[in-house]
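Engineer: So that you have it, the file is coords.cif, and it contains mmCIF, C-alpha atoms:
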data_work
loop_
_atom_site.label_atom_id
_atom_site.label_comp_id
_atom_site.auth_asym_id
_atom_site.auth_seq_id
_atom_site.Cartn_x
_atom_site.Cartn_y
_atom_site.Cartn_z
CA MET W 299 125.61 100.20 6.75
CA ILE W 300 122.20 99.30 8.01
CA GLU W 301 122.19 97.57 11.36
CA ASP W 302 119.46 95.19 12.32
CA HIS W 303 118.08 96.27 15.70
CA GLU W 304 115.89 93.53 17.00
CA GLY W 305 113.78 94.49 19.99
CA THR W 306 114.37 92.39 23.08
CA PHE W 307 110.92 92.85 24.66
CA HIS W 308 108.91 90.02 23.19
CA GLN W 309 107.39 88.27 26.13
CA HIS W 310 104.76 89.46 28.52
CA ASP W 311 107.13 88.38 31.29
CA GLU W 312 109.77 90.86 30.23
CA PHE W 313 107.32 93.72 30.66
CA ALA W 314 106.31 92.40 34.04
CA HIS W 315 109.91 92.93 35.18
CA ILE W 316 109.68 96.69 34.68
CA PRO W 317 109.24 98.08 38.23
CA SER W 318 105.77 99.37 39.07
CA ASP W 319 105.14 102.98 40.09
CA PRO W 320 104.87 102.23 43.82
CA ALA W 321 108.00 100.05 43.63
CA LEU W 322 109.95 102.95 42.14
CA ARG W 323 108.46 105.43 44.58
CA ALA W 324 109.36 103.16 47.51
CA LYS W 325 112.92 102.80 46.22
CA THR W 326 113.22 106.59 45.83
CA LEU W 327 112.03 107.20 49.36
CA GLU W 328 114.26 104.52 50.83
CA SER W 329 117.43 105.71 49.10
CA LEU W 330 116.66 109.33 49.99
CA LEU W 331 116.15 108.46 53.67
CA VAL W 332 119.41 106.51 53.70
CA GLU W 333 121.26 109.41 52.07
CA LYS W 334 119.79 111.78 54.67
CA GLY W 335 120.97 109.66 57.57
CA LEU W 336 117.41 108.79 58.60
CA LEU W 337 117.36 105.11 57.75
CA ASN W 338 119.66 102.12 57.97
CA PRO W 339 118.67 99.66 55.20
CA ALA W 340 119.89 96.77 57.35
CA THR W 341 117.20 97.74 59.87
CA VAL W 342 114.56 97.45 57.13
CA ASP W 343 115.90 93.96 56.36
CA ALA W 344 115.75 93.08 60.06
CA VAL W 345 112.12 94.22 60.39
CA ILE W 346 111.05 92.21 57.35
CA GLU W 347 112.93 89.14 58.52
CA GLN W 348 111.37 89.30 61.98
CA PHE W 349 107.84 89.62 60.66
CA GLU W 350 108.31 86.99 57.96
CA LYS W 351 110.05 84.41 60.12
CA GLU W 352 109.85 85.03 63.84
CA VAL W 353 106.50 86.66 64.59
CA GLY W 354 103.58 84.74 63.21
CA PRO W 355 100.45 82.69 63.84
CA HIS W 356 102.49 79.90 65.46
CA ASN W 357 102.54 82.18 68.54
CA GLY W 358 98.75 82.40 68.71
CA ALA W 359 98.44 78.69 67.96
CA ARG W 360 100.55 77.87 71.04
CA VAL W 361 98.17 79.91 73.19
CA VAL W 362 95.12 78.18 71.72
CA ALA W 363 96.59 74.68 72.08
CA ARG W 364 97.50 75.36 75.70
CA ALA W 365 93.96 76.61 76.39
CA TRP W 366 92.53 73.44 74.82
CA THR W 367 94.66 71.13 76.92
CA ASP W 368 94.94 72.94 80.25
CA PRO W 369 91.60 74.03 81.81
CA ASP W 370 93.33 76.26 84.39
CA TYR W 371 95.26 78.01 81.66
CA ARG W 372 92.06 78.46 79.62
CA HIS W 373 90.46 80.08 82.66
CA ARG W 374 93.40 82.45 83.18
CA LEU W 375 93.44 83.27 79.45
CA LEU W 376 89.79 84.24 79.39
CA ASP W 377 90.21 86.19 82.62
CA ASP W 378 93.41 88.13 81.74
CA ALA W 379 94.84 87.20 78.36
CA THR W 380 97.75 89.67 78.51
CA GLN W 381 99.00 87.94 81.64
CA ALA W 382 98.30 84.43 80.35
CA VAL W 383 100.05 85.06 77.03
CA ASN W 384 103.02 86.46 78.92
CA GLU W 385 103.23 83.21 80.88
CA LEU W 386 104.32 81.57 77.63
CA GLY W 387 107.04 84.19 77.25
CA LEU W 388 105.52 85.56 74.08
CA LEU W 389 105.07 89.26 74.65
CA GLY W 390 107.81 90.75 76.77
CA GLN W 391 107.75 93.79 79.00
CA GLN W 392 106.18 96.50 76.96
CA ALA W 393 103.52 94.58 75.13
CA THR W 394 100.07 95.13 73.80
CA ASP W 395 96.85 94.38 75.72
CA ILE W 396 95.23 91.12 74.66
CA VAL W 397 91.66 89.96 75.16
CA ALA W 398 90.85 86.32 74.31
CA VAL W 399 87.33 85.47 73.18
CA GLU W 400 86.19 81.88 72.87
CA ASN W 401 84.05 80.29 70.18
CA SER W 402 81.50 77.68 71.22
CA ASP W 403 78.33 76.09 69.87
CA SER W 404 76.40 79.16 71.01
CA VAL W 405 78.85 82.03 70.23
CA HIS W 406 81.00 82.80 67.19
CA ASN W 407 83.52 85.66 67.49
CA ILE W 408 85.12 87.54 64.61
CA VAL W 409 87.65 90.41 64.73
CA VAL W 410 88.00 93.50 62.51
CA CYS W 411 89.52 96.97 62.49
CA THR W 412 87.04 99.17 60.64
CA LEU W 413 89.22 102.30 60.91
CA CYS W 414 92.57 100.93 59.75
CA SER W 415 94.20 97.53 60.16
CA CYS W 416 94.78 96.90 63.90
CA TYR W 417 95.56 93.24 64.45
CA PRO W 418 97.33 91.13 67.11
CA TRP W 419 100.74 91.24 65.40
CA ALA W 420 102.52 89.63 68.35
CA LEU W 421 100.29 86.56 68.17
CA LEU W 422 99.38 86.32 64.48
CA GLY W 423 102.08 88.24 62.59
CA LEU W 424 100.92 90.65 59.91
CA PRO W 425 97.32 90.56 58.68
CA PRO W 426 96.32 89.02 55.35
CA ALA W 427 95.25 91.38 52.57
CA TRP W 428 91.57 90.46 52.87
CA TYR W 429 91.54 91.56 56.55
CA LYS W 430 92.67 95.05 55.44
CA SER W 431 90.33 95.15 52.43
CA TYR W 432 87.55 97.71 52.16
CA PRO W 433 84.76 95.11 51.78
CA TYR W 434 85.82 93.34 54.99
CA ARG W 435 86.19 96.55 57.01
CA ALA W 436 82.89 97.92 55.72
CA ARG W 437 80.74 94.83 55.85
CA VAL W 438 81.70 92.57 58.72
CA VAL W 439 80.31 94.90 61.39
CA ARG W 440 77.05 95.30 59.51
CA GLU W 441 76.38 91.88 58.02
CA PRO W 442 78.77 89.45 59.72
CA ARG W 443 76.69 86.40 58.84
CA ALA W 444 76.76 87.18 55.11
CA VAL W 445 80.52 87.79 55.21
CA LEU W 446 81.15 84.60 57.19
CA SER W 447 79.00 82.61 54.78
CA GLU W 448 81.02 83.92 51.82
CA MET W 449 84.15 82.75 53.62
CA GLY W 450 82.63 79.32 53.99
CA VAL W 451 81.66 79.61 57.66
CA GLU W 452 78.01 78.78 58.23
CA ILE W 453 76.49 80.04 61.47
CA ASP W 454 73.29 78.56 62.91
CA ASP W 455 70.44 80.99 63.46
CA SER W 456 70.56 80.21 67.15
CA THR W 457 74.28 81.05 67.43
CA GLU W 458 75.20 84.56 68.57
CA VAL W 459 77.75 86.36 66.39
CA ARG W 460 80.08 88.76 68.20
CA VAL W 461 82.09 91.24 66.14
CA TRP W 462 85.08 92.91 67.84
CA ASP W 463 86.15 96.21 66.29
CA SER W 464 89.76 96.97 67.33
CA THR W 465 89.44 100.72 67.88
CA ALA W 466 92.09 101.05 70.63
CA GLU W 467 95.37 99.32 71.61
CA VAL W 468 93.48 96.24 72.75
CA ARG W 469 93.99 93.23 70.51
CA TYR W 470 91.50 90.40 70.24
CA LEU W 471 92.41 86.74 69.84
CA VAL W 472 89.69 84.25 68.93
CA ILE W 473 89.99 80.83 70.57
CA PRO W 474 88.48 78.51 67.96
CA GLN W 475 86.59 75.36 68.91
CA ARG W 476 88.76 72.29 69.23
CA PRO W 477 88.07 69.94 66.30
CA ASP W 478 86.39 66.61 67.00
CA GLY W 479 88.58 63.54 67.01
CA THR W 480 91.65 65.27 68.48
CA ASP W 481 91.38 63.84 72.00
CA GLY W 482 94.61 61.88 71.74
CA LEU W 483 96.73 64.73 70.44
CA GLY W 484 99.33 66.56 72.50
CA GLU W 485 99.80 70.31 72.70
CA GLN W 486 102.28 70.56 69.84
CA ALA W 487 100.22 68.45 67.46
CA LEU W 488 97.14 70.51 68.34
CA ALA W 489 98.97 73.79 67.73
CA ALA W 490 99.77 72.61 64.21
CA LEU W 491 96.02 72.36 63.53
CA VAL W 492 95.23 75.96 64.51
CA SER W 493 95.04 78.16 61.41
CA ARG W 494 95.62 81.89 61.43
CA ASP W 495 92.18 82.61 60.04
CA SER W 496 90.51 80.56 62.78
CA MET W 497 92.11 82.89 65.36
CA ILE W 498 90.57 85.90 63.55
CA GLY W 499 87.21 84.12 63.53
CA ALA W 500 87.14 83.84 59.75
CA ALA W 501 87.39 80.05 59.70
CA LYS W 502 86.31 77.06 61.74
CA LEU W 503 88.57 74.08 62.36
CA MET C 293 87.45 113.29 61.17
CA ASP C 294 84.57 111.98 59.11
CA GLY C 295 86.91 110.51 56.53
CA ILE C 296 86.80 107.67 54.05
CA HIS C 297 88.90 105.56 56.45
CA ASP C 298 85.87 105.23 58.74
CA MET C 299 84.41 102.35 56.74
CA GLY C 300 82.33 100.35 59.18
CA GLY C 301 78.87 99.88 57.67
CA LEU C 302 79.56 101.47 54.26
CA GLN C 303 77.70 99.67 51.51
CA GLY C 304 78.44 98.82 47.91
CA PHE C 305 81.87 97.21 48.21
CA GLY C 306 80.98 93.70 47.06
CA PRO C 307 82.49 90.43 48.25
CA VAL C 308 85.47 90.18 50.60
CA PRO C 309 88.54 89.09 48.59
CA TYR C 310 89.07 86.16 50.92
CA VAL C 311 91.96 83.86 50.10
CA ASP C 312 93.04 81.01 52.31
CA ASN C 313 96.65 81.35 53.51
CA ASP C 314 97.04 84.82 52.02
CA PRO C 315 100.63 86.02 52.69
CA PRO C 316 101.24 89.46 54.29
CA PHE C 317 103.29 90.74 51.31
CA HIS C 318 102.61 90.17 47.62
CA PHE C 319 105.49 92.28 46.25
CA SER C 320 108.94 92.92 47.64
CA TRP C 321 108.38 96.71 47.62
CA GLU C 322 105.48 96.19 50.06
CA ALA C 323 107.88 94.57 52.51
CA ARG C 324 110.35 97.46 52.04
CA VAL C 325 107.59 100.02 52.76
CA PHE C 326 106.55 98.10 55.86
CA GLY C 327 110.15 97.88 57.04
CA LEU C 328 111.03 101.50 56.40
CA THR C 329 107.86 102.67 58.13
CA LEU C 330 109.01 100.94 61.30
CA ALA C 331 112.70 101.73 60.86
CA ALA C 332 112.90 105.36 59.64
CA SER C 333 113.61 108.12 62.14
CA VAL C 334 110.77 110.55 62.82
CA PRO C 335 110.41 113.19 65.54
CA ALA C 336 108.99 111.86 68.82
CA TRP C 337 105.69 113.71 68.41
CA MET C 338 104.99 111.62 65.32
CA ASN C 339 103.61 108.75 67.40
CA LEU C 340 101.40 105.84 66.35
CA ASP C 341 98.22 107.92 66.62
CA HIS C 342 99.78 110.64 64.51
CA SER C 343 100.75 108.08 61.90
CA ARG C 344 97.21 106.67 61.77
CA HIS C 345 95.93 110.20 61.28
CA SER C 346 98.40 110.70 58.42
CA LEU C 347 96.69 107.87 56.54
CA GLU C 348 93.28 109.37 57.30
CA ARG C 349 94.38 112.61 55.64
CA ILE C 350 94.99 110.92 52.28
CA PRO C 351 92.28 112.37 49.99
CA PRO C 352 89.31 109.99 49.66
CA ASP C 353 89.73 109.33 45.93
CA VAL C 354 93.42 108.53 46.39
CA TYR C 355 92.70 106.43 49.50
CA LEU C 356 90.13 104.31 47.67
CA SER C 357 92.22 103.76 44.57
CA SER C 358 95.45 102.85 46.42
CA GLY C 359 96.48 99.52 47.83
CA TYR C 360 97.25 99.08 51.51
CA PHE C 361 101.03 99.48 51.33
CA GLU C 362 100.69 102.33 48.83
CA ARG C 363 98.80 104.17 51.55
CA TRP C 364 101.58 103.35 54.01
CA LEU C 365 104.03 104.75 51.47
CA TYR C 366 102.02 107.98 51.20
CA GLY C 367 101.95 108.13 54.99
CA ALA C 368 105.72 107.69 55.24
CA ILE C 369 106.29 110.46 52.67
CA MET C 370 103.80 112.78 54.42
CA ARG C 371 105.53 112.30 57.78
CA GLN C 372 109.05 112.88 56.45
CA VAL C 373 108.01 115.99 54.51
CA GLU C 374 105.94 117.38 57.38
CA ALA C 375 108.82 116.76 59.77
CA GLY C 376 110.98 118.85 57.44
CA GLN C 377 113.42 115.97 57.03
CA ILE C 378 113.00 115.60 53.27
CA THR C 379 111.49 117.88 50.63
CA MET C 380 109.23 117.29 47.65
CA ALA C 381 112.05 118.62 45.45
CA GLU C 382 114.32 115.88 46.78
CA LEU C 383 111.68 113.22 46.17
CA ALA C 384 111.24 114.46 42.60
CA ALA C 385 115.02 114.52 42.07
CA GLY C 386 115.42 111.10 43.66
CA GLN C 387 118.38 112.33 45.67
CA SER C 388 119.40 114.55 48.53
CA ILE C 389 119.62 118.29 47.73
CA ASP C 390 119.77 119.79 51.21
CA ALA C 391 122.30 118.67 53.82
CA PRO C 392 121.63 115.48 55.81
CA VAL C 393 119.44 115.96 58.85
CA ALA C 394 121.57 117.24 61.74
CA ASN C 395 122.29 114.88 64.64
CA SER C 396 120.23 112.12 63.10
CA GLU C 397 121.26 108.59 63.98
CA PRO C 398 119.41 105.91 62.02
CA VAL C 399 117.79 103.18 64.11
CA PRO C 400 120.20 100.19 64.19
CA PRO C 401 118.91 96.67 63.39
CA GLU C 402 119.44 95.46 66.95
CA ALA C 403 117.03 98.09 68.30
CA ILE C 404 114.09 96.45 66.57
CA ASP C 405 111.83 94.40 68.85
CA PRO C 406 108.63 93.26 67.16
CA TYR C 407 106.93 92.67 70.51
CA ARG C 408 107.58 96.11 71.96
CA TYR C 409 104.78 98.64 71.74
CA ALA C 410 104.94 102.33 72.55
CA PRO C 411 103.45 102.63 76.04
CA PHE C 412 99.73 103.29 75.91
CA ARG C 413 98.51 102.22 79.36
CA VAL C 414 98.93 104.85 82.06
CA GLU C 415 98.05 104.69 85.76
CA ILE C 416 95.83 107.61 86.77
CA GLU C 417 94.22 108.68 90.01
CA ALA C 418 90.76 109.34 88.63
CA GLN C 419 88.40 106.44 89.26
CA PRO C 420 86.56 104.96 86.29
CA ARG C 421 83.17 106.62 85.89
CA PHE C 422 81.41 103.49 84.65
CA LYS C 423 81.09 99.91 85.87
CA GLU C 424 80.82 96.75 83.83
CA GLY C 425 77.18 96.14 82.94
CA GLU C 426 76.21 99.82 83.12
CA ARG C 427 74.13 101.32 80.30
CA VAL C 428 75.84 104.13 78.38
CA ARG C 429 75.33 106.30 75.33
CA THR C 430 78.21 107.13 73.03
CA GLY C 431 78.97 110.70 72.07
CA ASN C 432 79.04 112.23 68.64
CA PRO C 433 82.41 113.99 68.42
CA GLN C 434 82.50 116.61 65.69
CA THR C 435 86.14 117.06 64.93
CA GLY C 436 88.26 117.48 61.86
CA GLY C 437 91.00 115.73 63.78
CA HIS C 438 91.69 112.19 64.88
CA THR C 439 89.20 110.14 66.84
CA ARG C 440 88.72 106.39 67.22
CA LEU C 441 84.95 106.44 67.72
CA PRO C 442 83.62 105.14 64.39
CA ARG C 443 80.59 106.82 62.86
CA TYR C 444 78.44 103.70 63.09
CA ALA C 445 78.87 103.62 66.88
CA ARG C 446 78.16 107.30 67.59
CA ASN C 447 75.13 108.42 69.56
CA LYS C 448 74.17 104.80 70.26
CA GLN C 449 73.17 103.01 73.44
CA GLY C 450 75.24 100.16 74.69
CA GLU C 451 76.54 98.44 77.78
CA ILE C 452 79.97 98.58 79.42
CA TYR C 453 81.43 95.13 78.83
CA LEU C 454 85.09 95.50 79.88
CA HIS C 455 87.18 98.18 81.59
CA HIS C 456 90.81 98.36 80.47
CA GLY C 457 92.20 101.00 82.81
CA ALA C 458 93.39 104.35 81.45
CA HIS C 459 94.91 104.51 77.97
CA VAL C 460 96.53 107.35 76.04
CA LEU C 461 93.79 109.32 74.25
CA PRO C 462 94.29 109.26 70.46
CA ASP C 463 92.15 112.40 70.01
CA THR C 464 94.86 114.54 71.65
CA HIS C 465 97.93 112.35 71.19
CA ALA C 466 97.68 112.37 67.39
CA HIS C 467 97.95 116.16 67.40
CA GLY C 468 100.79 116.70 69.84
CA ARG C 469 98.34 117.80 72.52
CA GLY C 470 99.47 115.31 75.13
CA GLU C 471 98.64 111.79 76.24
CA CYS C 472 95.56 112.74 78.31
CA PRO C 473 95.23 109.20 79.71
CA THR C 474 91.53 108.38 79.93
CA HIS C 475 89.64 105.28 81.07
CA LEU C 476 88.95 102.91 78.20
CA TYR C 477 86.07 100.47 77.94
CA THR C 478 84.81 97.84 75.55
CA VAL C 479 81.19 98.74 74.89
CA LYS C 480 78.71 96.08 73.77
CA PHE C 481 75.98 97.08 71.31
CA THR C 482 73.13 95.01 69.97
CA ALA C 483 73.22 94.61 66.20
CA GLN C 484 69.71 96.09 66.12
CA GLU C 485 70.77 99.24 67.98
CA LEU C 486 73.43 99.84 65.34
CA TRP C 487 71.77 98.52 62.19
CA GLY C 488 68.03 98.61 62.84
CA PRO C 489 65.31 96.00 63.34
CA GLU C 490 66.29 94.03 60.25
CA ALA C 491 69.57 93.03 61.88
CA SER C 492 69.90 89.75 63.76
CA ALA C 493 68.40 89.83 67.25
CA GLN C 494 71.19 87.47 68.39
CA ASP C 495 74.25 89.43 67.36
CA HIS C 496 76.44 92.01 69.07
CA MET C 497 79.21 94.40 68.11
CA PHE C 498 81.94 95.43 70.54
CA VAL C 499 83.81 98.72 70.21
CA ASP C 500 86.58 100.14 72.43
CA VAL C 501 85.53 103.62 73.55
CA TRP C 502 87.29 106.17 75.76
CA GLU C 503 85.36 107.60 78.72
CA CYS C 504 85.21 111.14 77.29
CA HIS C 505 82.97 109.77 74.51
CA LEU C 506 80.52 108.10 76.90
CA GLU C 507 77.65 109.40 78.98
CA ASN C 508 74.98 107.91 81.21
CA THR C 509 71.69 107.01 79.59
#
Step by step, read the file and then write its structure as structure tokens.
Structural biologist:
Amino acid sequence: MIEDHEGTFHQHDEFAHIPSDPALRAKTLESLLVEKGLLNPATVDAVIEQFEKEVGPHNGARVVARAWTDPDYRHRLLDDATQAVNELGLLGQQATDIVAVENSDSVHNIVVCTLCSCYPWALLGLPPAWYKSYPYRARVVREPRAVLSEMGVEIDDSTEVRVWDSTAEVRYLVIPQRPDGTDGLGEQALAALVSRDSMIGAAKL
Amino acid sequence: MDGIHDMGGLQGFGPVPYVDNDPPFHFSWEARVFGLTLAASVPAWMNLDHSRHSLERIPPDVYLSSGYFERWLYGAIMRQVEAGQITMAELAAGQSIDAPVANSEPVPPEAIDPYRYAPFRVEIEAQPRFKEGERVRTGNPQTGGHTRLPRYARNKQGEIYLHHGAHVLPDTHAHGRGECPTHLYTVKFTAQELWGPEASAQDHMFVDVWECHLENT
């Protein structure tokens, strides 16, 4: 008897569900490490959960909003950001070193890690893909104005651009300029306006 | 090492793939690789500097053609194999062949603190050699090993902008040769010193440099 074997892979979508090479490789490594007693998969879940939910740009935004509304805090932040960020209970005992740099009409700051992907995790969470991309790492130290312009940030000729390359365990936080027309807003409402990319220096508010 | 990872100033890459609100992970396997990199047990000498150097040792053609978390995955495999905790044969088989690693206790979920860094700041007796505002010239370290002085900032004149106290020296720490805490500074360079007279006369680049890579002008 001849059986009719219809193929089930008809849609592009069905092929897209076949795991990619790195997905399979990652799965192999993970299951091997678990089998070897080197990894608890629940710990992997915990790490992902923390970095997807708990640690993120809302931390940095709190710092920025406080600096906008409290001149003494702003002063302390620019003087010793590690200490000032700790005041908000954000970092804990064994934390990274933070330096805060402030944008103004005359200075625009932008942060990069040309050698890898160093980034203020504690304040901004994990970096976006473009921050870790080769074009960004290669170009922003050499032609920051061109890169900023491509990102939609126009810099006046008279404005100084400062590029901070994170080559040690010092992490840089950009304090963006407070948008016009926000005089009446409180700290929480202001924090909601502060985008992640503005605290890297890749966007204005 | 003068590797492909040292990208500052390289030309020919084209536009930055900038996307507003880009999420940290695009595929679930990327999140797993990130998580297992932080959660898997490795010997103590495989510190953060060592792990950065692992990624630098990925061959240039592989480095350039791999995505970010693929490189992390290579790094995780390199560290486990080099630590002798897994073998290539086991990776190929997809399962354990040798016995589990003796006395190994996987890191439990409650031990994870996203705000805790390995200590990198160390108090030392030696006074800092340079003061803020002082003119300095960077060195030109010729090493096949790890260093955090990027090529574009070598043998250049700049100015001490900030002093951060003494930090663990990646050049030795990455290779199991000790912490060698050394004064660390942020050095300010003019764009023209780094990129020539065509660069903007207004702009500056700031690079964190350890004292052993600095000299008086």
Engineer: Could you pull the residues within 8 Å of Asp500 of chain C, counting all atoms listed in the file, minus those fewer than 6 positions along the same chain, as a list of chain:residue names?
Structural biologist: W:Asp463, W:Ser464, W:Thr465, W:Ala466, W:Val468, C:Leu476, C:Tyr477, C:Thr478, C:Val479
Engineer: Hey, can you pull every residue with an atom no more than 9 Å from (110.8, 112.9, 62.8), using only C-alpha atoms, and send it as a ChimeraX atom specification?
Structural biologist: /W:336 /C:332-338,371-372,374-377
Engineer: Next, write the just-selected residues to a file, as a PDB file, in the frame of the given file, keeping C-alpha atoms as the atom set.
Structural biologist:
ATOM      1  CA  LEU W 336     117.410 108.790  58.600  1.00  0.00           C
TER       2      LEU W 336
ATOM      3  CA  ALA C 332     112.900 105.360  59.640  1.00  0.00           C
ATOM      4  CA  SER C 333     113.610 108.120  62.140  1.00  0.00           C
ATOM      5  CA  VAL C 334     110.770 110.550  62.820  1.00  0.00           C
ATOM      6  CA  PRO C 335     110.410 113.190  65.540  1.00  0.00           C
ATOM      7  CA  ALA C 336     108.990 111.860  68.820  1.00  0.00           C
ATOM      8  CA  TRP C 337     105.690 113.710  68.410  1.00  0.00           C
ATOM      9  CA  MET C 338     104.990 111.620  65.320  1.00  0.00           C
ATOM     10  CA  ARG C 371     105.530 112.300  57.780  1.00  0.00           C
ATOM     11  CA  GLN C 372     109.050 112.880  56.450  1.00  0.00           C
ATOM     12  CA  GLU C 374     105.940 117.380  57.380  1.00  0.00           C
ATOM     13  CA  ALA C 375     108.820 116.760  59.770  1.00  0.00           C
ATOM     14  CA  GLY C 376     110.980 118.850  57.440  1.00  0.00           C
ATOM     15  CA  GLN C 377     113.420 115.970  57.030  1.00  0.00           C
TER      16      GLN C 377
END
Engineer: Figure out the distance between atom CA of Val428 of chain C and atom CA of Asp377 of chain W, please, to one decimal in Å.
Structural biologist: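 Taking atom CA of Asp377 of chain W as the start and atom CA of Val428 of chain C as the end point, the length is 23.4 Å.
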Engineer: With distances taken over all atoms listed in the file, which residue among W:Leu327, W:Met449, W:Leu322, W:Ile316 lies nearest Thr329 of chain C?
Structural biologist: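 Using all atoms listed in the file, Thr329 of chain C sits closest to W:Leu327.
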Engineer: Any chance you could resolve the PyMOL selection byres ((chain C and resi 447) around 6) against this file and give the residues as a PyMOL selection string?
Structural biologist: chain C and resi 430-432+446+448
Engineer: Could the residues of chain C that have an atom at most 6 Å from chain W be listed as a Markdown table, each with its closest atom pair and the distance in Å to one decimal, counting all atoms listed in the file and ordered by chain and ascending residue number?
Structural biologist:
| residue | atom | partner | partner_atom | distance |
| --- | --- | --- | --- | --- |
| C:His297 | CA | W:Leu413 | CA | 5.5 |
| C:Asp298 | CA | W:Leu413 | CA | 5.0 |
| C:Met299 | CA | W:Ala436 | CA | 4.8 |
| C:Gly300 | CA | W:Ala436 | CA | 4.3 |
| C:Gly301 | CA | W:Ala436 | CA | 4.9 |
| C:Leu302 | CA | W:Ala436 | CA | 5.1 |
| C:Phe305 | CA | W:Pro433 | CA | 5.1 |
| C:Val308 | CA | W:Pro433 | CA | 5.1 |
| C:Pro309 | CA | W:Trp428 | CA | 5.4 |
| C:Tyr310 | CA | W:Trp428 | CA | 5.3 |
| C:Asp314 | CA | W:Pro426 | CA | 5.4 |
| C:Pro315 | CA | W:Pro426 | CA | 5.9 |
| C:Pro316 | CA | W:Pro426 | CA | 5.1 |
| C:Trp321 | CA | W:Ala321 | CA | 5.2 |
| C:Gly327 | CA | W:Val342 | CA | 4.4 |
| C:Leu328 | CA | W:Val342 | CA | 5.4 |
| C:Ala331 | CA | W:Val342 | CA | 6.0 |
| C:Ala332 | CA | W:Leu337 | CA | 4.9 |
| C:Ser333 | CA | W:Leu336 | CA | 5.2 |
| C:Gly386 | CA | W:Thr326 | CA | 5.5 |
| C:Gln387 | CA | W:Leu330 | CA | 5.5 |
| C:Pro392 | CA | W:Lys334 | CA | 4.3 |
| C:Val393 | CA | W:Lys334 | CA | 5.9 |
| C:Pro398 | CA | W:Leu337 | CA | 4.8 |
| C:Pro400 | CA | W:Thr341 | CA | 5.8 |
| C:Pro401 | CA | W:Thr341 | CA | 4.1 |
| C:Tyr407 | CA | W:Leu389 | CA | 5.7 |
| C:Arg408 | CA | W:Gln392 | CA | 5.2 |
| C:Tyr409 | CA | W:Ala393 | CA | 5.4 |
| C:Arg440 | CA | W:Thr465 | CA | 5.8 |
| C:Gln494 | CA | W:Glu458 | CA | 5.0 |
| C:Asp495 | CA | W:Val459 | CA | 4.8 |
| C:His496 | CA | W:Arg460 | CA | 5.0 |
| C:Met497 | CA | W:Val461 | CA | 4.7 |
| C:Phe498 | CA | W:Trp462 | CA | 4.8 |
| C:Val499 | CA | W:Asp463 | CA | 5.2 |
| C:Asp500 | CA | W:Thr465 | CA | 5.4 |
Engineer: From the set W:Asp454, W:Asp370, W:Glu385, W:Asp478, which residue has the shortest atom-to-atom contact distance to Asp403 of chain W, counting only C-alpha atoms?
Structural biologist: W:Asp454
Engineer: Extending 6 Å beyond the listed atoms of segment 473-490 of chain C on each side, what axis-aligned box results? I want centre and edge lengths in Å to one decimal, as lines of an AutoDock Vina configuration file.
Structural biologist:
center_x = 80.3
center_y = 101.6
center_z = 70.7
size_x = 41.9
size_y = 27.2
size_z = 32.8
Engineer: Return as a list in words the set of residues that the PyMOL selection byres ((chain C and resi 370) around 10) yields on the displayed structure.
Structural biologist: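 After applying the PyMOL selection byres ((chain C and resi 370) around 10), what remains is Ser343, Ser346, Leu347, Arg349, Ile350, Trp364, Leu365, Tyr366, Gly367, Ala368, Ile369, Arg371, Gln372, Val373, Glu374, Ala375, Gly376, Ile378, Thr379 and Met380 of chain C.
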Engineer: Provide segment 374-383 of chain C rebuilt to N, CA and C atoms, formatted as a short mmCIF file (atom, residue, chain, number, x, y, z; two decimals), keeping the file's coordinate frame.
Structural biologist:
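This is the output file rebuild-v9.cif:
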data_model
loop_
_atom_site.label_atom_id
_atom_site.label_comp_id
_atom_site.auth_asym_id
_atom_site.auth_seq_id
_atom_site.Cartn_x
_atom_site.Cartn_y
_atom_site.Cartn_z
N GLU C 374 106.49 116.50 56.34
CA GLU C 374 105.94 117.38 57.38
C GLU C 374 106.92 117.57 58.54
N ALA C 375 107.79 116.60 58.73
CA ALA C 375 108.82 116.76 59.77
C ALA C 375 109.95 117.67 59.29
N GLY C 376 109.92 118.01 57.99
CA GLY C 376 110.98 118.85 57.44
C GLY C 376 112.27 118.10 57.21
N GLN C 377 112.19 116.77 57.17
CA GLN C 377 113.42 115.97 57.03
C GLN C 377 113.77 115.69 55.57
N ILE C 378 112.75 115.67 54.71
CA ILE C 378 113.00 115.60 53.27
C ILE C 378 112.07 116.62 52.60
N THR C 379 112.35 116.93 51.34
CA THR C 379 111.49 117.88 50.63
C THR C 379 110.92 117.21 49.39
N MET C 380 109.83 117.80 48.88
CA MET C 380 109.23 117.29 47.65
C MET C 380 110.23 117.39 46.50
N ALA C 381 111.05 118.46 46.51
CA ALA C 381 112.05 118.62 45.45
C ALA C 381 113.04 117.46 45.47
N GLU C 382 113.40 117.01 46.66
CA GLU C 382 114.32 115.88 46.78
C GLU C 382 113.67 114.59 46.30
N LEU C 383 112.39 114.42 46.64
CA LEU C 383 111.68 113.22 46.17
C LEU C 383 111.63 113.20 44.65
#
